[in-house]
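Here's upload16.cif, which has mmCIF, C-alpha atoms and all ligand atoms:
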data_structure
#
loop_
_atom_site.group_PDB
_atom_site.id
_atom_site.type_symbol
_atom_site.label_atom_id
_atom_site.label_comp_id
_atom_site.auth_asym_id
_atom_site.auth_seq_id
_atom_site.Cartn_x
_atom_site.Cartn_y
_atom_site.Cartn_z
ATOM 1 C CA MET A 1 74.606 71.214 88.845
ATOM 2 C CA ASP A 2 73.248 74.733 88.637
ATOM 3 C CA ILE A 3 69.509 75.231 88.278
ATOM 4 C CA ILE A 4 69.381 75.451 84.465
ATOM 5 C CA GLU A 5 71.356 72.237 84.152
ATOM 6 C CA VAL A 6 68.982 70.483 86.566
ATOM 7 C CA ILE A 7 66.011 71.774 84.542
ATOM 8 C CA LYS A 8 67.468 70.757 81.185
ATOM 9 C CA THR A 9 68.790 67.316 82.136
ATOM 10 C CA ARG A 10 65.716 66.149 84.065
ATOM 11 C CA ARG A 11 63.784 63.509 82.134
ATOM 12 C CA SER A 12 60.703 61.473 83.001
ATOM 13 C CA ILE A 13 62.069 58.160 84.237
ATOM 14 C CA ARG A 14 59.746 55.145 84.223
ATOM 15 C CA LYS A 15 62.171 52.277 84.892
ATOM 16 C CA TYR A 16 63.899 51.920 88.250
ATOM 17 C CA LYS A 17 66.440 49.842 90.104
ATOM 18 C CA PRO A 18 64.974 48.133 93.177
ATOM 19 C CA ASP A 19 67.241 50.038 95.638
ATOM 20 C CA PRO A 20 65.328 51.914 98.363
ATOM 21 C CA ILE A 21 65.185 55.689 98.719
ATOM 22 C CA SER A 22 66.562 56.965 102.045
ATOM 23 C CA GLU A 23 64.571 59.027 104.546
ATOM 24 C CA GLU A 24 67.044 61.869 103.979
ATOM 25 C CA GLU A 25 66.313 61.826 100.243
ATOM 26 C CA ILE A 26 62.564 61.666 100.876
ATOM 27 C CA ASN A 27 62.779 64.660 103.194
ATOM 28 C CA LYS A 28 64.755 66.715 100.694
ATOM 29 C CA ILE A 29 62.157 66.006 98.001
ATOM 30 C CA LEU A 30 59.275 66.935 100.320
ATOM 31 C CA GLU A 31 61.071 70.127 101.370
ATOM 32 C CA ALA A 32 61.343 71.145 97.704
ATOM 33 C CA GLY A 33 57.573 70.686 97.393
ATOM 34 C CA ARG A 34 56.877 72.610 100.590
ATOM 35 C CA TRP A 35 58.761 75.659 99.303
ATOM 36 C CA ALA A 36 56.863 75.949 96.014
ATOM 37 C CA PRO A 37 55.013 79.196 95.310
ATOM 38 C CA SER A 38 51.230 79.214 95.690
ATOM 39 C CA ALA A 39 48.401 81.666 95.054
ATOM 40 C CA ASP A 40 48.103 84.058 98.029
ATOM 41 C CA ASP A 41 50.679 81.832 99.753
ATOM 42 C CA SER A 42 47.774 79.443 100.360
ATOM 43 C CA GLN A 43 49.973 76.290 100.418
ATOM 44 C CA PRO A 44 46.864 74.189 99.704
ATOM 45 C CA TRP A 45 48.728 70.867 99.524
ATOM 46 C CA ASN A 46 49.256 67.656 101.385
ATOM 47 C CA PHE A 47 51.814 65.063 100.326
ATOM 48 C CA ILE A 48 51.149 61.353 100.850
ATOM 49 C CA VAL A 49 54.420 59.403 100.928
ATOM 50 C CA LEU A 50 53.757 55.942 99.524
ATOM 51 C CA ARG A 51 56.133 53.864 101.616
ATOM 52 C CA SER A 52 54.377 50.505 101.441
ATOM 53 C CA GLN A 53 54.705 48.371 98.358
ATOM 54 C CA GLU A 54 51.177 47.109 98.875
ATOM 55 C CA MET A 55 49.806 50.659 98.616
ATOM 56 C CA ARG A 56 51.943 51.454 95.561
ATOM 57 C CA LYS A 57 50.615 48.329 93.842
ATOM 58 C CA LYS A 58 47.007 49.115 94.742
ATOM 59 C CA LEU A 59 47.365 52.686 93.525
ATOM 60 C CA ALA A 60 49.182 51.619 90.333
ATOM 61 C CA SER A 61 46.200 49.485 89.363
ATOM 62 C CA GLU A 62 44.089 52.692 89.310
ATOM 63 C CA LEU A 63 46.588 54.734 87.281
ATOM 64 C CA ILE A 64 46.025 53.980 83.614
ATOM 65 C CA TRP A 65 49.191 55.849 82.581
ATOM 66 C CA GLY A 66 51.146 55.049 85.720
ATOM 67 C CA ARG A 67 51.210 51.271 86.069
ATOM 68 C CA PHE A 68 54.979 51.465 86.564
ATOM 69 C CA LEU A 69 54.393 52.807 90.089
ATOM 70 C CA SER A 70 54.100 49.138 91.107
ATOM 71 C CA GLN A 71 57.780 48.649 90.117
ATOM 72 C CA ALA A 72 59.111 51.724 91.941
ATOM 73 C CA PRO A 73 60.487 51.970 95.495
ATOM 74 C CA LEU A 74 58.665 55.246 96.231
ATOM 75 C CA GLY A 75 55.715 57.379 95.265
ATOM 76 C CA ILE A 76 54.423 60.729 96.483
ATOM 77 C CA ALA A 77 50.802 61.732 95.933
ATOM 78 C CA VAL A 78 50.141 65.482 95.774
ATOM 79 C CA VAL A 79 46.708 66.387 97.122
ATOM 80 C CA VAL A 80 45.292 69.907 96.817
ATOM 81 C CA SER A 81 42.423 71.576 98.570
ATOM 82 C CA PRO A 82 40.323 73.670 96.123
ATOM 83 C CA ARG A 83 38.669 75.528 99.021
ATOM 84 C CA ALA A 84 42.043 76.698 100.278
ATOM 85 C CA SER A 85 43.291 78.344 97.082
ATOM 86 C CA SER A 86 42.046 80.300 94.057
ATOM 87 C CA HIS A 87 44.534 78.315 91.893
ATOM 88 C CA PRO A 88 44.831 74.803 93.376
ATOM 89 C CA ALA A 89 45.976 73.112 90.158
ATOM 90 C CA GLU A 90 48.765 75.609 89.531
ATOM 91 C CA ASP A 91 49.878 75.406 93.171
ATOM 92 C CA GLY A 92 49.992 71.615 93.100
ATOM 93 C CA ALA A 93 51.797 71.667 89.753
ATOM 94 C CA ALA A 94 54.472 73.998 91.129
ATOM 95 C CA ALA A 95 55.002 71.682 94.124
ATOM 96 C CA THR A 96 55.141 68.663 91.815
ATOM 97 C CA GLN A 97 57.727 70.262 89.526
ATOM 98 C CA ASN A 98 59.875 71.343 92.492
ATOM 99 C CA MET A 99 59.898 67.749 93.744
ATOM 100 C CA LEU A 100 60.766 66.364 90.282
ATOM 101 C CA LEU A 101 63.713 68.748 90.050
ATOM 102 C CA GLU A 102 64.975 67.962 93.542
ATOM 103 C CA ALA A 103 64.704 64.205 92.868
ATOM 104 C CA HIS A 104 66.762 64.671 89.706
ATOM 105 C CA SER A 105 69.372 66.800 91.468
ATOM 106 C CA LEU A 106 69.763 63.942 94.001
ATOM 107 C CA GLY A 107 70.499 61.559 91.125
ATOM 108 C CA LEU A 108 67.072 59.916 91.305
ATOM 109 C CA GLY A 109 64.635 59.329 88.475
ATOM 110 C CA ALA A 110 61.024 60.439 88.705
ATOM 111 C CA CYS A 111 57.882 60.775 86.640
ATOM 112 C CA TRP A 112 54.766 62.929 86.997
ATOM 113 C CA ILE A 113 51.530 60.967 86.717
ATOM 114 C CA GLY A 114 48.708 63.341 85.901
ATOM 115 C CA THR A 115 45.500 62.518 87.746
ATOM 116 C CA TYR A 116 43.722 65.870 88.223
ATOM 117 C CA GLY A 117 40.356 65.653 86.503
ATOM 118 C CA GLY A 118 41.459 62.574 84.621
ATOM 119 C CA THR A 119 39.930 59.123 84.467
ATOM 120 C CA SER A 120 42.256 57.848 87.213
ATOM 121 C CA GLU A 121 41.434 60.430 89.853
ATOM 122 C CA ALA A 122 38.301 58.960 91.440
ATOM 123 C CA GLY A 123 39.662 55.421 91.846
ATOM 124 C CA ALA A 124 43.048 56.661 93.067
ATOM 125 C CA LYS A 125 41.385 58.938 95.619
ATOM 126 C CA LYS A 126 39.442 55.971 96.985
ATOM 127 C CA VAL A 127 42.599 53.887 97.392
ATOM 128 C CA LEU A 128 44.319 56.740 99.247
ATOM 129 C CA ASN A 129 41.290 57.604 101.397
ATOM 130 C CA ILE A 130 41.317 61.207 100.112
ATOM 131 C CA PRO A 131 38.156 63.124 101.168
ATOM 132 C CA GLU A 132 35.579 63.963 98.500
ATOM 133 C CA ASN A 133 36.294 67.726 98.556
ATOM 134 C CA GLU A 134 40.069 67.334 98.084
ATOM 135 C CA ARG A 135 41.688 66.724 94.681
ATOM 136 C CA LEU A 136 44.488 64.412 93.676
ATOM 137 C CA LEU A 137 46.751 66.618 91.568
ATOM 138 C CA SER A 138 49.498 64.159 90.718
ATOM 139 C CA VAL A 139 51.364 61.067 91.751
ATOM 140 C CA ILE A 140 55.151 61.331 91.530
ATOM 141 C CA VAL A 141 56.877 58.010 90.935
ATOM 142 C CA ILE A 142 60.478 57.923 92.181
ATOM 143 C CA GLY A 143 63.383 55.485 92.073
ATOM 144 C CA ARG A 144 66.993 55.069 91.056
ATOM 145 C CA PRO A 145 67.030 55.401 87.272
ATOM 146 C CA ALA A 146 67.368 52.283 85.130
ATOM 147 C CA GLU A 147 66.942 54.109 81.805
ATOM 148 C CA SER A 148 68.172 57.374 80.287
ATOM 149 C CA PRO A 149 65.662 58.572 77.702
ATOM 150 C CA GLN A 150 66.349 61.586 75.462
ATOM 151 C CA LYS A 151 63.863 64.325 74.647
ATOM 152 C CA MET A 152 63.764 67.326 72.347
ATOM 153 C CA ARG A 153 61.978 70.606 72.864
ATOM 154 C CA ARG A 154 60.436 73.062 70.403
ATOM 155 C CA THR A 155 62.953 75.785 69.642
ATOM 156 C CA LEU A 156 62.804 79.222 71.261
ATOM 157 C CA SER A 157 62.206 80.869 67.879
ATOM 158 C CA GLU A 158 59.154 78.646 67.407
ATOM 159 C CA ILE A 159 57.589 79.456 70.761
ATOM 160 C CA THR A 160 58.566 83.069 71.376
ATOM 161 C CA PHE A 161 56.755 86.213 70.269
ATOM 162 C CA THR A 162 57.648 89.867 70.802
ATOM 163 C CA ASP A 163 55.195 92.268 72.421
ATOM 164 C CA ARG A 164 52.123 90.698 70.801
ATOM 165 C CA TYR A 165 50.869 87.190 70.189
ATOM 166 C CA GLY A 166 51.998 86.103 66.733
ATOM 167 C CA ARG A 167 54.712 88.768 66.253
ATOM 168 C CA ARG A 168 58.135 87.201 65.704
HETATM 169 C C1 LIG B 201 50.618 67.299 83.793
HETATM 170 C C2 LIG B 201 51.477 66.124 83.385
HETATM 171 C C3 LIG B 201 50.933 64.859 83.369
HETATM 172 C C4 LIG B 201 51.714 63.758 83.028
HETATM 173 N N1 LIG B 201 51.164 62.510 83.094
HETATM 174 C C5 LIG B 201 51.916 61.437 82.805
HETATM 175 C C6 LIG B 201 51.378 60.130 82.985
HETATM 176 O O1 LIG B 201 50.229 59.952 83.399
HETATM 177 N N2 LIG B 201 52.182 59.072 82.677
HETATM 178 C C7 LIG B 201 53.473 59.234 82.242
HETATM 179 O O2 LIG B 201 54.140 58.219 82.005
HETATM 180 N N3 LIG B 201 54.013 60.470 82.080
HETATM 181 C C8 LIG B 201 53.276 61.567 82.372
HETATM 182 N N4 LIG B 201 53.815 62.825 82.266
HETATM 183 C C9 LIG B 201 55.220 62.998 81.813
HETATM 184 C C10 LIG B 201 55.296 63.513 80.371
HETATM 185 O O3 LIG B 201 54.949 62.476 79.484
HETATM 186 C C11 LIG B 201 56.720 64.039 80.103
HETATM 187 O O4 LIG B 201 56.985 65.111 80.972
HETATM 188 C C12 LIG B 201 56.897 64.510 78.655
HETATM 189 O O5 LIG B 201 56.788 63.440 77.767
HETATM 190 C C13 LIG B 201 58.256 65.197 78.440
HETATM 191 O O6 LIG B 201 59.300 64.300 78.780
HETATM 192 P P1 LIG B 201 60.391 64.679 79.886
HETATM 193 O O7 LIG B 201 59.664 64.850 81.199
HETATM 194 O O8 LIG B 201 61.337 63.485 79.922
HETATM 195 O O9 LIG B 201 61.098 65.912 79.459
HETATM 196 C C14 LIG B 201 53.071 63.938 82.630
HETATM 197 C C15 LIG B 201 53.616 65.231 82.646
HETATM 198 C C16 LIG B 201 52.850 66.309 83.036
HETATM 199 C C17 LIG B 201 53.467 67.693 83.092
#
Transcribe the structure of this file into structure tokens.
Ligand SMILES: Cc1cc2nc3c(=O)[nH]c(=O)nc-3n(C[C@H](O)[C@H](O)[C@H](O)COP(=O)(O)O)c2cc1C
Amino acid sequence: MDIIEVIKTRRSIRKYKPDPISEEEINKILEAGRWAPSADDSQPWNFIVLRSQEMRKKLASELIWGRFLSQAPLGIAVVVSPRASSHPAEDGAAATQNMLLEAHSLGLGACWIGTYGGTSEAGAKKVLNIPENERLLSVIVIGRPAESPQKMRRTLSEITFTDRYGRR
């Protein structure tokens, strides 16, 4: 698949087969995150690979919109350090998206669980032992897809202006 096909065919997958994810696949996903752009090349992230089912279950109980993590064979938590970057949320989002795209290109299904500033962040940080001054940007849930949802997008003519906001 070329990049635009990967981008367009990626969907948020929330149902998974129980098959494990290999170390090679995990490494490829992490590499995609590592090579994301970041403000001033600050690379303000750490990735916590959730290998143990016990941890995934514990964390899932803190994620109001991510309970399905307990049914997945893998999760990756993206932690950002606000002191290390002028744009920690954007940096962590870029790393998260890179990992979602790589997971999809490997034939895996994944879903972004938003935690940053949300109601789930404090409890999830406690479970993962994340220091007070670090932020939990997202949790990526990953597995072999057991569903194939469809999505639409707003059309280009709806979302695109020329030269000035509002000018079609
Ligand atoms: C910042 C962000 C936070 C999200 N949080 C959640 C979440 O907590 N739970 C969930 O099931 N999906 C979450 N999603 C996935 C979106 O619901 C999904 O991307 C959107 O519905 C479009 O569907 P698609 O990814 O299949 O194209 C999140 C996506 C983003 C970008």
Write out, as CSV, each residue of chain A that has an atom at most 7 Å from ligand LIG 201 (chain B), together with the closest pair of atoms and their distance in Å to one decimal, counting all atoms listed in the file, rows going by chain and rising number.
residue,atom,partner,partner_atom,distance
A:Arg10,CA,B:LIG201,O9,6.5
A:Arg11,CA,B:LIG201,O8,3.3
A:Ser12,CA,B:LIG201,O8,3.7
A:Ile13,CA,B:LIG201,O8,6.9
A:Arg14,CA,B:LIG201,O2,6.8
A:Trp65,CA,B:LIG201,O1,4.3
A:Gly66,CA,B:LIG201,N2,5.1
A:Cys111,CA,B:LIG201,C9,5.9
A:Trp112,CA,B:LIG201,C14,4.8
A:Ile113,CA,B:LIG201,O1,3.7
A:Gly114,CA,B:LIG201,C3,3.7
A:Thr115,CA,B:LIG201,O1,6.9
A:Pro149,CA,B:LIG201,O8,6.9
A:Gln150,CA,B:LIG201,O8,7.0
A:Lys151,CA,B:LIG201,O9,5.8
Between atom CA of A:Leu156 and atom CA of A:Glu90, what is the distance in Å, rounded to a tenth?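 We find that atom CA of A:Leu156 and atom CA of A:Glu90 lie 23.3 Å from each other.
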Which residues fall under the PyMOL selection byres (((chain A and resi 41) around 12) and not hetatm) in this file, as a tab-separated table (two decimals) with C-alpha atoms, in the frame of the given file?
chain	number	residue	atom	x	y	z
A	34	ARG	CA	56.88	72.61	100.59
A	35	TRP	CA	58.76	75.66	99.30
A	36	ALA	CA	56.86	75.95	96.01
A	37	PRO	CA	55.01	79.20	95.31
A	38	SER	CA	51.23	79.21	95.69
A	39	ALA	CA	48.40	81.67	95.05
A	40	ASP	CA	48.10	84.06	98.03
A	42	SER	CA	47.77	79.44	100.36
A	43	GLN	CA	49.97	76.29	100.42
A	44	PRO	CA	46.86	74.19	99.70
A	45	TRP	CA	48.73	70.87	99.52
A	84	ALA	CA	42.04	76.70	100.28
A	85	SER	CA	43.29	78.34	97.08
A	86	SER	CA	42.05	80.30	94.06
A	87	HIS	CA	44.53	78.32	91.89
A	88	PRO	CA	44.83	74.80	93.38
A	91	ASP	CA	49.88	75.41	93.17
When the PyMOL selection byres (((chain A and resi 17) around 9) and not hetatm) is applied to the file above, which residues end up in the set, as a PyMOL selection string? chain A and resi 15-16+18-20+71-73+143-146
Please write the residues picked by the PyMOL selection byres (((chain A and resi 131-136) around 9) and not hetatm) on this file as a PDB file with C-alpha atoms, in the coordinates of the input.
ATOM      1  CA  ALA A  77      50.802  61.732  95.933  1.00  0.00           C
ATOM      2  CA  VAL A  78      50.141  65.482  95.774  1.00  0.00           C
ATOM      3  CA  VAL A  79      46.708  66.387  97.122  1.00  0.00           C
ATOM      4  CA  VAL A  80      45.292  69.907  96.817  1.00  0.00           C
ATOM      5  CA  SER A  81      42.423  71.576  98.570  1.00  0.00           C
ATOM      6  CA  PRO A  82      40.323  73.670  96.123  1.00  0.00           C
ATOM      7  CA  ARG A  83      38.669  75.528  99.021  1.00  0.00           C
ATOM      8  CA  PRO A  88      44.831  74.803  93.376  1.00  0.00           C
ATOM      9  CA  ALA A  89      45.976  73.112  90.158  1.00  0.00           C
ATOM     10  CA  GLY A 114      48.708  63.341  85.901  1.00  0.00           C
ATOM     11  CA  THR A 115      45.500  62.518  87.746  1.00  0.00           C
ATOM     12  CA  TYR A 116      43.722  65.870  88.223  1.00  0.00           C
ATOM     13  CA  GLY A 117      40.356  65.653  86.503  1.00  0.00           C
ATOM     14  CA  GLU A 121      41.434  60.430  89.853  1.00  0.00           C
ATOM     15  CA  ALA A 122      38.301  58.960  91.440  1.00  0.00           C
ATOM     16  CA  ALA A 124      43.048  56.661  93.067  1.00  0.00           C
ATOM     17  CA  LYS A 125      41.385  58.938  95.619  1.00  0.00           C
ATOM     18  CA  LYS A 126      39.442  55.971  96.985  1.00  0.00           C
ATOM     19  CA  ASN A 129      41.290  57.604 101.397  1.00  0.00           C
ATOM     20  CA  ILE A 130      41.317  61.207 100.112  1.00  0.00           C
ATOM     21  CA  LEU A 137      46.751  66.618  91.568  1.00  0.00           C
ATOM     22  CA  SER A 138      49.498  64.159  90.718  1.00  0.00           C
ATOM     23  CA  VAL A 139      51.364  61.067  91.751  1.00  0.00           C
TER      24      VAL A 139
END
In Å, rounded to a single decimal, give me how far atom CA of A:Ile142 is from atom CA of A:Ala110.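 Interatomic distance, atom CA of A:Ala110 to atom CA of A:Ile142: 4.3 Å.
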Could you tell me how far atom CA of A:Leu128 lies from atom CA of A:His104, in Å and to one decimal?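 Spanning atom CA of A:Leu128 to atom CA of A:His104 is a straight-line distance of 25.6 Å.
For the set A:Leu63, A:Met1, A:Val141, A:Ala32, the residue with the smallest atom-to-atom gap to A:Glu102 is A:Ala32, counting only C-alpha atoms.
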A:Gly75, A:Gly109, A:Gly33, A:Gly92 ranked by distance to A:Glu147, top pick (using all atoms listed in the file): A:Gly109
Would you kindly return, as an MDAnalysis selection string, each protein, DNA or RNA residue with an atom no farther than 10 Å from any atom of A:Arg67, considering all atoms listed in the file and excluding same-chain residues fewer than 5 positions away? chainID A and resid 14 56:62 72 113
Would you fill the gaps in stretch 20-55 of chain A so it has N, CA and C atoms, then print it as a PDB file, in the frame of the given file?
ATOM      1  N   PRO A  20      66.241  50.996  97.653  1.00  0.00           N
ATOM      2  CA  PRO A  20      65.328  51.914  98.363  1.00  0.00           C
ATOM      3  C   PRO A  20      65.796  53.365  98.317  1.00  0.00           C
ATOM      4  N   ILE A  21      64.887  54.255  98.618  1.00  0.00           N
ATOM      5  CA  ILE A  21      65.185  55.689  98.719  1.00  0.00           C
ATOM      6  C   ILE A  21      65.293  56.003 100.219  1.00  0.00           C
ATOM      7  N   SER A  22      66.344  56.722 100.604  1.00  0.00           N
ATOM      8  CA  SER A  22      66.562  56.965 102.045  1.00  0.00           C
ATOM      9  C   SER A  22      65.589  58.016 102.580  1.00  0.00           C
ATOM     10  N   GLU A  23      65.433  58.019 103.902  1.00  0.00           N
ATOM     11  CA  GLU A  23      64.571  59.027 104.546  1.00  0.00           C
ATOM     12  C   GLU A  23      65.108  60.433 104.276  1.00  0.00           C
ATOM     13  N   GLU A  24      66.445  60.552 104.246  1.00  0.00           N
ATOM     14  CA  GLU A  24      67.044  61.869 103.979  1.00  0.00           C
ATOM     15  C   GLU A  24      66.649  62.359 102.581  1.00  0.00           C
ATOM     16  N   GLU A  25      66.707  61.454 101.614  1.00  0.00           N
ATOM     17  CA  GLU A  25      66.313  61.826 100.243  1.00  0.00           C
ATOM     18  C   GLU A  25      64.825  62.187 100.187  1.00  0.00           C
ATOM     19  N   ILE A  26      64.010  61.391 100.871  1.00  0.00           N
ATOM     20  CA  ILE A  26      62.564  61.666 100.876  1.00  0.00           C
ATOM     21  C   ILE A  26      62.301  63.057 101.456  1.00  0.00           C
ATOM     22  N   ASN A  27      62.986  63.359 102.556  1.00  0.00           N
ATOM     23  CA  ASN A  27      62.779  64.660 103.194  1.00  0.00           C
ATOM     24  C   ASN A  27      63.189  65.815 102.302  1.00  0.00           C
ATOM     25  N   LYS A  28      64.307  65.645 101.598  1.00  0.00           N
ATOM     26  CA  LYS A  28      64.755  66.715 100.694  1.00  0.00           C
ATOM     27  C   LYS A  28      63.729  66.950  99.587  1.00  0.00           C
ATOM     28  N   ILE A  29      63.163  65.875  99.067  1.00  0.00           N
ATOM     29  CA  ILE A  29      62.157  66.006  98.001  1.00  0.00           C
ATOM     30  C   ILE A  29      60.909  66.713  98.536  1.00  0.00           C
ATOM     31  N   LEU A  30      60.470  66.310  99.731  1.00  0.00           N
ATOM     32  CA  LEU A  30      59.275  66.935 100.320  1.00  0.00           C
ATOM     33  C   LEU A  30      59.523  68.421 100.624  1.00  0.00           C
ATOM     34  N   GLU A  31      60.724  68.723 101.086  1.00  0.00           N
ATOM     35  CA  GLU A  31      61.071  70.127 101.370  1.00  0.00           C
ATOM     36  C   GLU A  31      60.965  70.978 100.098  1.00  0.00           C
ATOM     37  N   ALA A  32      61.427  70.414  98.982  1.00  0.00           N
ATOM     38  CA  ALA A  32      61.343  71.145  97.704  1.00  0.00           C
ATOM     39  C   ALA A  32      59.885  71.428  97.363  1.00  0.00           C
ATOM     40  N   GLY A  33      59.006  70.473  97.638  1.00  0.00           N
ATOM     41  CA  GLY A  33      57.573  70.686  97.393  1.00  0.00           C
ATOM     42  C   GLY A  33      57.003  71.744  98.321  1.00  0.00           C
ATOM     43  N   ARG A  34      57.400  71.689  99.572  1.00  0.00           N
ATOM     44  CA  ARG A  34      56.877  72.610 100.590  1.00  0.00           C
ATOM     45  C   ARG A  34      57.206  74.062 100.271  1.00  0.00           C
ATOM     46  N   TRP A  35      58.336  74.284  99.575  1.00  0.00           N
ATOM     47  CA  TRP A  35      58.761  75.659  99.303  1.00  0.00           C
ATOM     48  C   TRP A  35      58.317  76.174  97.930  1.00  0.00           C
ATOM     49  N   ALA A  36      57.400  75.468  97.302  1.00  0.00           N
ATOM     50  CA  ALA A  36      56.863  75.949  96.014  1.00  0.00           C
ATOM     51  C   ALA A  36      56.035  77.216  96.236  1.00  0.00           C
ATOM     52  N   PRO A  37      55.922  78.047  95.194  1.00  0.00           N
ATOM     53  CA  PRO A  37      55.013  79.196  95.310  1.00  0.00           C
ATOM     54  C   PRO A  37      53.562  78.722  95.244  1.00  0.00           C
ATOM     55  N   SER A  38      52.659  79.533  95.800  1.00  0.00           N
ATOM     56  CA  SER A  38      51.230  79.214  95.690  1.00  0.00           C
ATOM     57  C   SER A  38      50.428  80.505  95.740  1.00  0.00           C
ATOM     58  N   ALA A  39      49.246  80.465  95.124  1.00  0.00           N
ATOM     59  CA  ALA A  39      48.401  81.666  95.054  1.00  0.00           C
ATOM     60  C   ALA A  39      48.090  82.160  96.467  1.00  0.00           C
ATOM     61  N   ASP A  40      48.312  83.441  96.702  1.00  0.00           N
ATOM     62  CA  ASP A  40      48.103  84.058  98.029  1.00  0.00           C
ATOM     63  C   ASP A  40      48.849  83.313  99.133  1.00  0.00           C
ATOM     64  N   ASP A  41      49.911  82.638  98.777  1.00  0.00           N
ATOM     65  CA  ASP A  41      50.679  81.832  99.753  1.00  0.00           C
ATOM     66  C   ASP A  41      49.768  80.847 100.487  1.00  0.00           C
ATOM     67  N   SER A  42      48.792  80.294  99.735  1.00  0.00           N
ATOM     68  CA  SER A  42      47.774  79.443 100.360  1.00  0.00           C
ATOM     69  C   SER A  42      48.313  78.069 100.764  1.00  0.00           C
ATOM     70  N   GLN A  43      49.369  77.596 100.103  1.00  0.00           N
ATOM     71  CA  GLN A  43      49.973  76.290 100.418  1.00  0.00           C
ATOM     72  C   GLN A  43      48.879  75.216 100.583  1.00  0.00           C
ATOM     73  N   PRO A  44      48.057  75.025  99.534  1.00  0.00           N
ATOM     74  CA  PRO A  44      46.864  74.189  99.704  1.00  0.00           C
ATOM     75  C   PRO A  44      47.128  72.690  99.545  1.00  0.00           C
ATOM     76  N   TRP A  45      48.352  72.245  99.839  1.00  0.00           N
ATOM     77  CA  TRP A  45      48.728  70.867  99.524  1.00  0.00           C
ATOM     78  C   TRP A  45      48.947  69.992 100.738  1.00  0.00           C
ATOM     79  N   ASN A  46      48.753  68.699 100.484  1.00  0.00           N
ATOM     80  CA  ASN A  46      49.256  67.656 101.385  1.00  0.00           C
ATOM     81  C   ASN A  46      49.987  66.653 100.514  1.00  0.00           C
ATOM     82  N   PHE A  47      51.028  66.053 101.064  1.00  0.00           N
ATOM     83  CA  PHE A  47      51.814  65.063 100.326  1.00  0.00           C
ATOM     84  C   PHE A  47      51.673  63.711 101.015  1.00  0.00           C
ATOM     85  N   ILE A  48      51.249  62.711 100.279  1.00  0.00           N
ATOM     86  CA  ILE A  48      51.149  61.353 100.850  1.00  0.00           C
ATOM     87  C   ILE A  48      52.355  60.554 100.364  1.00  0.00           C
ATOM     88  N   VAL A  49      53.225  60.182 101.284  1.00  0.00           N
ATOM     89  CA  VAL A  49      54.420  59.403 100.928  1.00  0.00           C
ATOM     90  C   VAL A  49      54.023  57.934 100.881  1.00  0.00           C
ATOM     91  N   LEU A  50      54.195  57.334  99.724  1.00  0.00           N
ATOM     92  CA  LEU A  50      53.757  55.942  99.524  1.00  0.00           C
ATOM     93  C   LEU A  50      54.923  55.017  99.853  1.00  0.00           C
ATOM     94  N   ARG A  51      55.002  54.658 101.137  1.00  0.00           N
ATOM     95  CA  ARG A  51      56.133  53.864 101.616  1.00  0.00           C
ATOM     96  C   ARG A  51      55.886  52.374 101.442  1.00  0.00           C
ATOM     97  N   SER A  52      54.626  51.950 101.491  1.00  0.00           N
ATOM     98  CA  SER A  52      54.377  50.505 101.441  1.00  0.00           C
ATOM     99  C   SER A  52      54.157  50.038 100.001  1.00  0.00           C
ATOM    100  N   GLN A  53      54.798  48.906  99.720  1.00  0.00           N
ATOM    101  CA  GLN A  53      54.705  48.371  98.358  1.00  0.00           C
ATOM    102  C   GLN A  53      53.273  47.980  98.029  1.00  0.00           C
ATOM    103  N   GLU A  54      52.566  47.517  99.069  1.00  0.00           N
ATOM    104  CA  GLU A  54      51.177  47.109  98.875  1.00  0.00           C
ATOM    105  C   GLU A  54      50.347  48.311  98.390  1.00  0.00           C
ATOM    106  N   MET A  55      50.556  49.464  99.025  1.00  0.00           N
ATOM    107  CA  MET A  55      49.806  50.659  98.616  1.00  0.00           C
ATOM    108  C   MET A  55      50.205  51.108  97.210  1.00  0.00           C
TER     109      MET A  55
END
